[in-house]
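Okay, start20.txt now, which holds compact mmCIF, C-alpha atoms:
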```txt
# COMPACT_ATOMS: atom_id res chain seq x y z
CA MET A 257 -1.19 20.11 8.94
CA LYS A 258 -1.19 21.54 12.46
CA ALA A 259 1.88 20.25 14.30
CA ILE A 260 1.52 19.00 17.87
CA GLN A 261 3.20 21.28 20.40
CA PHE A 262 5.16 19.74 23.28
CA ASN A 263 6.39 21.43 26.46
CA ASP A 264 9.44 19.18 26.51
CA LYS A 265 11.92 20.44 23.89
CA ASN A 266 13.39 16.97 23.38
CA ALA A 267 9.93 15.50 22.83
CA GLN A 268 9.32 18.20 20.22
CA ARG A 269 12.57 17.26 18.45
CA VAL A 270 11.69 13.56 18.46
CA TYR A 271 8.19 14.29 17.12
CA ASP A 272 9.48 16.67 14.40
CA GLU A 273 12.03 14.08 13.27
CA TYR A 274 9.37 11.34 13.10
CA ILE A 275 7.12 13.56 10.97
CA ARG A 276 10.09 14.37 8.69
CA ARG A 277 10.75 10.64 8.24
CA CYS A 278 7.08 10.13 7.35
CA GLN A 279 7.25 12.97 4.82
CA ARG A 280 10.37 11.48 3.22
CA ARG A 281 8.60 8.12 2.85
CA MET A 282 5.51 9.79 1.35
CA ARG A 283 7.31 12.08 -1.08
CA ILE A 284 6.39 9.76 -3.96
CA LEU A 285 2.65 10.32 -3.35
CA SER A 286 0.45 13.07 -4.75
CA GLU A 287 0.09 16.17 -2.56
CA LYS A 288 -3.45 15.16 -1.59
CA ASP A 289 -2.51 11.59 -0.58
CA GLU A 290 0.57 12.82 1.28
CA LYS A 291 -1.52 15.32 3.25
CA ASP A 292 -4.14 12.66 4.04
CA CYS A 293 -1.52 10.18 5.33
CA LEU A 294 0.29 12.79 7.37
CA LEU A 295 -2.95 14.04 8.95
CA GLU A 296 -3.83 10.48 9.93
CA ILE A 297 -0.42 9.72 11.47
CA ASN A 298 -0.57 13.04 13.32
CA SER A 299 -4.07 12.24 14.57
CA HIS A 300 -2.92 8.83 15.90
CA ILE A 301 -0.08 10.53 17.81
CA TYR A 302 -2.28 13.34 19.14
CA GLU A 303 -5.14 11.10 20.33
CA PHE A 304 -2.75 8.76 22.16
CA ILE A 305 -1.00 11.67 23.86
CA GLU A 306 -4.34 13.26 24.84
CA ALA A 307 -5.59 9.96 26.30
CA ASN A 308 -2.38 9.65 28.36
CA SER A 309 -1.95 13.33 29.16
CA GLY A 310 -1.24 12.75 32.87
CA ASN A 311 1.94 10.80 32.11
CA ASN A 312 5.43 11.95 31.22
CA GLU A 313 5.27 13.69 27.83
CA MET A 314 8.45 12.19 26.41
CA GLU A 315 7.60 8.68 27.58
CA THR A 316 4.09 8.89 26.12
CA LEU A 317 5.46 10.14 22.81
CA LEU A 318 8.02 7.34 22.65
CA ASN A 319 5.27 4.81 23.43
CA ILE A 320 3.02 5.95 20.58
CA LEU A 321 5.93 6.17 18.13
CA GLU A 322 6.90 2.63 19.09
CA ARG A 323 3.30 1.50 18.59
CA LEU A 324 3.21 3.21 15.17
CA GLY A 325 6.52 1.62 14.19
CA ALA A 326 9.22 2.94 11.88
CA PRO A 327 7.63 5.06 9.09
CA GLU A 328 9.71 3.15 6.53
CA GLU A 329 7.92 -0.06 7.56
CA THR A 330 4.43 1.12 8.56
CA LEU A 331 3.98 3.31 5.51
CA LYS A 332 5.35 0.77 3.03
CA GLU A 333 1.97 -0.86 2.35
CA VAL A 334 0.03 2.40 2.63
CA VAL A 335 2.27 4.18 0.11
CA ALA A 336 2.12 1.20 -2.30
CA LEU A 337 -1.70 1.05 -2.04
CA LYS A 338 -2.15 4.79 -2.58
CA LYS A 339 0.36 4.88 -5.45
CA THR A 340 -1.38 1.99 -7.24
CA LYS A 341 -4.72 3.77 -6.87
CA GLU A 342 -3.16 6.93 -8.31
CA ALA A 343 -1.56 4.97 -11.19
CA ILE A 344 -4.88 3.39 -12.15
CA ARG A 345 -6.69 6.72 -11.88
CA THR A 346 -4.21 8.80 -13.89
CA LEU A 347 -2.71 6.10 -16.21
CA HIS A 348 0.46 8.20 -16.10
CA PRO A 349 3.53 6.12 -17.13
CA LYS A 350 5.59 7.58 -14.26
CA HIS A 351 2.97 6.61 -11.64
CA ILE A 352 2.54 3.17 -13.21
CA ALA A 353 6.30 2.55 -13.05
CA GLN A 354 6.46 3.80 -9.43
CA SER A 355 3.49 1.63 -8.45
CA ILE A 356 5.08 -1.50 -9.95
CA PHE A 357 8.40 -0.71 -8.26
CA LEU A 358 6.73 -0.21 -4.85
CA ASN A 359 4.86 -3.51 -5.17
CA ILE A 360 7.76 -5.56 -6.53
CA GLY A 361 8.07 -7.44 -3.23
CA ASN A 362 4.39 -8.46 -3.39
CA GLY A 363 4.82 -11.57 -5.50
CA ILE A 364 5.63 -12.97 -8.92
CA PHE A 365 2.82 -10.98 -10.59
CA TYR A 366 4.58 -7.66 -10.00
CA ILE A 367 7.94 -9.14 -11.09
CA ILE A 368 6.37 -10.12 -14.43
CA LEU A 369 4.75 -6.70 -14.64
CA SER A 370 8.12 -5.03 -14.03
CA PHE A 371 9.66 -7.02 -16.93
CA LEU A 372 6.82 -5.87 -19.20
CA ALA A 373 7.30 -2.26 -18.02
CA VAL A 374 11.04 -2.43 -18.73
CA THR A 375 10.26 -3.72 -22.24
CA VAL A 376 7.91 -0.77 -22.78
CA VAL A 377 10.69 1.64 -21.71
CA LEU A 378 13.17 -0.14 -24.01
CA SER A 379 10.96 0.31 -27.10
CA PRO A 380 11.88 3.96 -27.79
CA VAL A 381 15.52 3.13 -26.97
CA MET A 382 15.45 0.44 -29.66
CA ILE A 383 13.99 2.93 -32.16
CA ILE A 384 16.83 5.39 -31.47
CA LEU A 385 19.40 2.58 -31.80
CA LYS A 386 17.81 1.53 -35.11
CA LEU A 387 18.23 5.07 -36.43
CA ILE A 388 21.88 5.22 -35.31
CA TYR A 389 22.92 1.62 -36.11
CA PRO A 390 20.46 0.41 -38.80
CA GLU A 391 22.63 -2.66 -39.56
CA ASN A 392 22.77 -3.90 -35.97
CA VAL A 393 19.19 -3.42 -34.88
CA GLY A 394 16.22 -5.37 -36.19
CA CYS A 395 14.71 -8.80 -36.45
CA PHE A 396 17.49 -11.20 -37.44
CA TYR A 397 16.60 -14.55 -38.90
CA GLY A 398 18.79 -17.38 -40.06
CA GLU A 399 19.31 -21.12 -39.74
CA LYS A 400 18.96 -21.95 -36.01
CA TYR A 401 19.02 -18.24 -35.28
CA PHE A 402 16.32 -15.78 -34.40
CA PHE A 403 17.01 -12.52 -32.67
CA PHE A 404 14.97 -9.42 -32.07
CA GLY A 405 16.76 -6.29 -30.91
CA TYR A 406 20.38 -5.11 -30.91
CA SER A 407 23.20 -7.35 -32.07
CA SER A 408 26.78 -6.02 -32.28
CA SER A 409 27.91 -8.76 -34.68
CA ALA A 410 25.16 -10.49 -36.56
CA PRO A 411 26.57 -13.66 -38.18
CA ASN A 412 25.26 -14.95 -41.54
CA VAL A 413 21.70 -13.94 -40.94
CA ASN A 414 19.13 -11.72 -42.61
CA GLU A 415 17.49 -8.75 -41.07
CA VAL A 416 13.90 -9.30 -42.15
CA LEU A 417 12.05 -6.16 -41.01
CA GLY A 418 14.21 -3.35 -42.37
CA ASN A 419 12.60 0.03 -41.73
CA TRP A 420 9.43 -1.77 -40.68
CA PHE A 421 11.25 -2.44 -37.41
CA ILE A 422 10.25 1.04 -36.14
CA PRO A 423 6.44 0.68 -36.58
CA VAL A 424 6.62 -2.93 -35.33
CA ILE A 425 8.48 -2.02 -32.13
CA THR A 426 6.16 1.00 -31.65
CA ALA A 427 3.14 -1.32 -31.91
CA ILE A 428 4.70 -3.86 -29.50
CA GLY A 429 5.59 -1.12 -27.01
CA THR A 430 2.09 0.38 -27.16
CA ALA A 431 0.43 -3.04 -26.83
CA LEU A 432 2.62 -3.91 -23.83
CA TYR A 433 1.87 -0.54 -22.21
CA PHE A 434 -1.86 -1.21 -22.41
CA LEU A 435 -1.29 -4.79 -21.24
CA VAL A 436 0.52 -3.45 -18.13
CA ILE A 437 -2.40 -1.09 -17.40
CA PHE A 438 -4.93 -3.87 -17.96
CA LEU A 439 -3.09 -6.32 -15.67
CA LEU A 440 -2.63 -3.67 -12.97
CA LYS A 441 -6.36 -2.88 -13.07
CA LEU A 442 -7.28 -6.56 -13.10
CA LYS A 443 -5.06 -7.31 -10.11
CA ASN A 444 -6.50 -4.46 -8.08
CA LYS A 445 -10.05 -5.33 -9.00
CA ASN A 446 -9.58 -8.88 -7.71
CA LYS A 447 -7.94 -7.79 -4.46
CA MET B 206 1.24 -21.09 31.20
CA LYS B 207 0.90 -21.18 27.40
CA SER B 208 3.55 -23.01 25.40
CA GLU B 209 5.47 -21.16 22.68
CA PHE B 210 3.51 -23.07 20.06
CA LEU B 211 0.17 -22.02 21.57
CA LYS B 212 1.29 -18.40 21.86
CA ASN B 213 2.26 -18.31 18.18
CA TRP B 214 -0.95 -20.03 17.15
CA ASP B 215 -2.97 -17.54 19.21
CA THR B 216 -1.14 -14.57 17.61
CA GLN B 217 -1.65 -15.92 14.10
CA LEU B 218 -5.33 -16.62 14.76
CA LYS B 219 -5.98 -13.12 16.09
CA LYS B 220 -4.01 -11.60 13.19
CA GLY B 221 -6.11 -13.52 10.69
CA LEU B 222 -9.32 -12.52 12.41
CA LEU B 223 -8.37 -8.82 12.71
CA PRO B 224 -10.27 -7.64 9.58
CA LEU B 225 -13.35 -9.42 10.96
CA TYR B 226 -12.99 -7.74 14.36
CA VAL B 227 -12.55 -4.34 12.69
CA LEU B 228 -15.65 -4.78 10.51
CA LEU B 229 -17.60 -6.05 13.51
CA ALA B 230 -16.57 -3.10 15.70
CA LEU B 231 -17.39 -0.61 12.94
CA SER B 232 -20.76 -2.23 12.24
CA ASN B 233 -21.93 -0.89 15.61
CA LYS B 234 -20.67 2.70 15.27
CA GLU B 235 -18.19 4.84 13.35
CA CYS B 236 -14.80 5.21 15.04
CA TYR B 237 -11.51 7.06 14.66
CA GLY B 238 -8.25 5.11 14.92
CA TYR B 239 -7.51 5.44 18.65
CA GLU B 240 -11.16 4.83 19.58
CA LEU B 241 -11.24 1.68 17.43
CA ILE B 242 -8.09 0.32 19.11
CA GLN B 243 -9.69 0.86 22.54
CA ASP B 244 -12.93 -0.76 21.34
CA LEU B 245 -11.11 -3.84 20.06
CA LYS B 246 -9.33 -4.14 23.40
CA LEU B 247 -12.46 -3.75 25.51
CA SER B 248 -14.89 -5.76 23.40
CA TYR B 249 -12.72 -8.56 22.02
CA GLY B 250 -9.56 -8.53 24.15
CA ILE B 251 -7.44 -7.74 21.07
CA ASP B 252 -4.41 -5.56 21.70
CA VAL B 253 -3.53 -4.10 18.33
CA THR B 254 -1.04 -1.31 17.71
CA GLU B 255 -1.51 1.82 15.61
CA GLY B 256 1.17 0.52 13.22
CA THR B 257 -1.02 -2.51 12.46
CA ILE B 258 -4.45 -0.90 12.41
CA TYR B 259 -3.53 2.07 10.20
CA PRO B 260 -2.45 0.10 7.08
CA LEU B 261 -5.38 -2.29 7.61
CA LEU B 262 -7.91 0.57 7.66
CA ILE B 263 -6.40 1.98 4.46
CA ARG B 264 -6.56 -1.47 2.80
CA LEU B 265 -10.18 -2.08 3.83
CA THR B 266 -11.10 1.40 2.57
CA LYS B 267 -9.37 0.74 -0.74
CA GLU B 268 -11.34 -2.50 -1.09
CA ASN B 269 -14.54 -0.50 -0.54
CA LEU B 270 -15.39 -2.29 2.71
CA LEU B 271 -15.07 0.94 4.70
CA THR B 272 -15.62 4.61 4.06
CA ALA B 273 -13.90 7.46 5.90
CA ARG B 274 -14.48 11.12 6.61
CA TRP B 275 -12.44 13.81 8.32
CA VAL B 276 -14.06 15.62 11.23
CA GLU B 277 -12.54 18.89 12.43
CA GLN B 278 -11.80 19.13 16.15
CA PRO B 279 -11.46 22.16 18.48
CA SER B 280 -7.78 21.17 18.93
CA GLY B 281 -7.18 21.88 15.23
CA ILE B 282 -6.08 18.26 14.70
CA PRO B 283 -8.92 16.51 12.85
CA ARG B 284 -10.03 12.92 13.39
CA LYS B 285 -10.60 10.46 10.58
CA TYR B 286 -13.79 8.53 11.27
CA TYR B 287 -14.27 5.14 9.61
CA GLN B 288 -17.67 3.61 8.85
CA ILE B 289 -18.57 0.21 7.47
CA ALA B 290 -19.75 0.39 3.84
CA GLU B 291 -22.50 -1.74 2.21
CA GLU B 292 -19.79 -3.96 0.69
CA GLY B 293 -18.27 -4.29 4.16
CA LYS B 294 -21.60 -5.38 5.67
CA LYS B 295 -22.02 -7.95 2.90
CA ASN B 296 -18.51 -9.29 3.50
CA LEU B 297 -19.03 -9.31 7.27
CA ARG B 298 -22.15 -11.47 6.91
CA GLU B 299 -20.20 -13.92 4.74
CA MET B 300 -17.30 -13.98 7.19
CA MET B 301 -19.63 -14.67 10.12
CA LYS B 302 -21.29 -17.47 8.17
CA ASN B 303 -17.88 -19.03 7.51
CA ILE B 304 -16.94 -18.72 11.18
CA ASP B 305 -20.21 -20.45 12.16
CA ILE B 306 -19.50 -23.28 9.72
CA ILE B 307 -15.98 -23.73 11.10
CA PHE B 308 -17.20 -23.81 14.71
CA SER B 309 -20.12 -26.12 14.02
CA LYS B 310 -17.74 -28.56 12.32
CA LEU B 311 -15.25 -28.31 15.19
CA LYS B 312 -17.95 -29.04 17.76
CA LYS B 313 -19.17 -32.17 15.97
```
Written form, structure tokens:
Amino acid sequence: MKAIQFNDKNAQRVYDEYIRRCQRRMRILSEKDEKDCLLEINSHIYEFIEANSGNNEMETLLNILERLGAPEETLKEVVALKKTKEAIRTLHPKHIAQSIFLNIGNGIFYIILSFLAVTVVLSPVMIILKLIYPENVGCFYGEKYFFFGYSSSAPNVNEVLGNWFIPVITAIGTALYFLVIFLLKLKNKNK
Amino acid sequence: MKSEFLKNWDTQLKKGLLPLYVLLALSNKECYGYELIQDLKLSYGIDVTEGTIYPLLIRLTKENLLTARWVEQPSGIPRKYYQIAEEGKKNLREMMKNIDIIFSKLKK
């Protein structure tokens, strides 16, 4: 990206700092998306300054930066939209998790999705715990008692899955992973 | 002088209608961000900031209502031109129909 050059050194410092703040906010995006966003922000600044070129440079810069707003706020929605698009395109677990995290403030749907995602992440953890503490991890069943997962002191109950716990939790984790992808796609199709 | 209530109502109304104004402005010609802001001001009396229009343009593009292309400039700082897409035209027609229905009912 070609940086805008200012005659006023202070204006240059303010501009450089604003661009740095934008870059920090966009770090989570792919290189292509980050470049696209940065070019667009830069273009907004440049066009405004060009249209008001007769005025004081610093004042004009401050006006456009005020109109653009704090990068942390203005870019919030843009970053979340671009990240979700990337997550759906790549199906990469890291991008899916980041997309859910960025959208968590956008309603109950994403809160549910985040719970499902956490469960997916916990699946391999449960498998490791099963291998280390086979007695304490499993599907426990007894009178008025049903528990799936880790229990430090299982009272008079039976662990019903045994070594089948590992394939069962793998299947649940995989199914939930695909459910998260499906729901994410569905939500963004309906938008 | 407008009351506080009327001012708020006016702001909310214009905010709600902003996607319609953007689609309407872009149905006439393709625009880059600054040009679109000036167009909205001149044609519809809407004063919208870059911080509002930028996320909206990205959202409308994501929803396939707009398309965008970068055009290199002699300054070395390219402009991103937005055009209305077929889906955008379809949605704009529906939105205008709804507006007509609302106004015809209000005038009864």
Closest contacts (chain B/chain A, max 7 Å, only C-alpha atoms) as CSV:
```
residue,atom,partner,partner_atom,distance
B:Gly238,CA,A:His300,CA,6.6
B:Tyr239,CA,A:His300,CA,6.3
B:Thr254,CA,A:Arg323,CA,5.2
B:Glu255,CA,A:Leu324,CA,4.9
B:Gly256,CA,A:Leu324,CA,3.9
B:Pro260,CA,A:Val334,CA,5.6
B:Ile263,CA,A:Val334,CA,6.7
B:Gly281,CA,A:Lys258,CA,6.6
B:Ile282,CA,A:Lys258,CA,6.3
B:Pro283,CA,A:Ser299,CA,6.7
B:Arg284,CA,A:Ser299,CA,6.1
B:Lys285,CA,A:Glu296,CA,6.8
```
Between B:Phe308, B:Phe210, B:Tyr237, B:Tyr287, which is the closest to B:Leu265 once you count all atoms listed in the file? B:Tyr287
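Shortest atom-to-atom contact with B:Leu262 among B:Leu241, B:Trp275, B:Glu292, B:Arg298: B:Leu241, counting only C-alpha atoms.
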Within 12 Å of (-7.1, 7.0, -8.7), only C-alpha atoms: residues as a ChimeraX atom specification? /A:285-286,288-289,337-348,351-352,355,441,444 /B:267
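Separating atom CA of A:Trp420 from atom CA of A:Gly394 is a distance of 8.9 Å.
Straight-line separation from atom CA of A:Phe262 to atom CA of B:Val276: 23.1 Å.
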Please indicate the distance in Å from atom CA of A:Cys395 to atom CA of A:Ala431, rounded to one decimal place. 18.2 Å
Residue nearest B:Cys236 - candidates B:Lys219, B:Arg264, B:Lys310, B:Arg274, atoms counted: all atoms listed in the file: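 Nearest candidate to B:Cys236 out of B:Lys219, B:Arg264, B:Lys310, B:Arg274: B:Arg274.
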Using only C-alpha atoms, can you tell me which of B:Asp252, B:Glu299, B:Glu291, B:Glu209 comes closest to B:Thr266?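 Closest residue, counting only C-alpha atoms: B:Glu291.
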A:Leu372 surroundings by only C-alpha atoms, 9 Å radius, close-in-sequence under 5 positions cut, as a short mmCIF file (atom, residue, chain, number, x, y, z; two decimals) with C-alpha atoms, keeping the file's coordinate frame:
```
data_model
loop_
_atom_site.label_atom_id
_atom_site.label_comp_id
_atom_site.auth_asym_id
_atom_site.auth_seq_id
_atom_site.Cartn_x
_atom_site.Cartn_y
_atom_site.Cartn_z
CA ILE A 367 7.94 -9.14 -11.09
CA VAL A 377 10.69 1.64 -21.71
CA LEU A 432 2.62 -3.91 -23.83
CA TYR A 433 1.87 -0.54 -22.21
CA LEU A 435 -1.29 -4.79 -21.24
CA VAL A 436 0.52 -3.45 -18.13
#
```
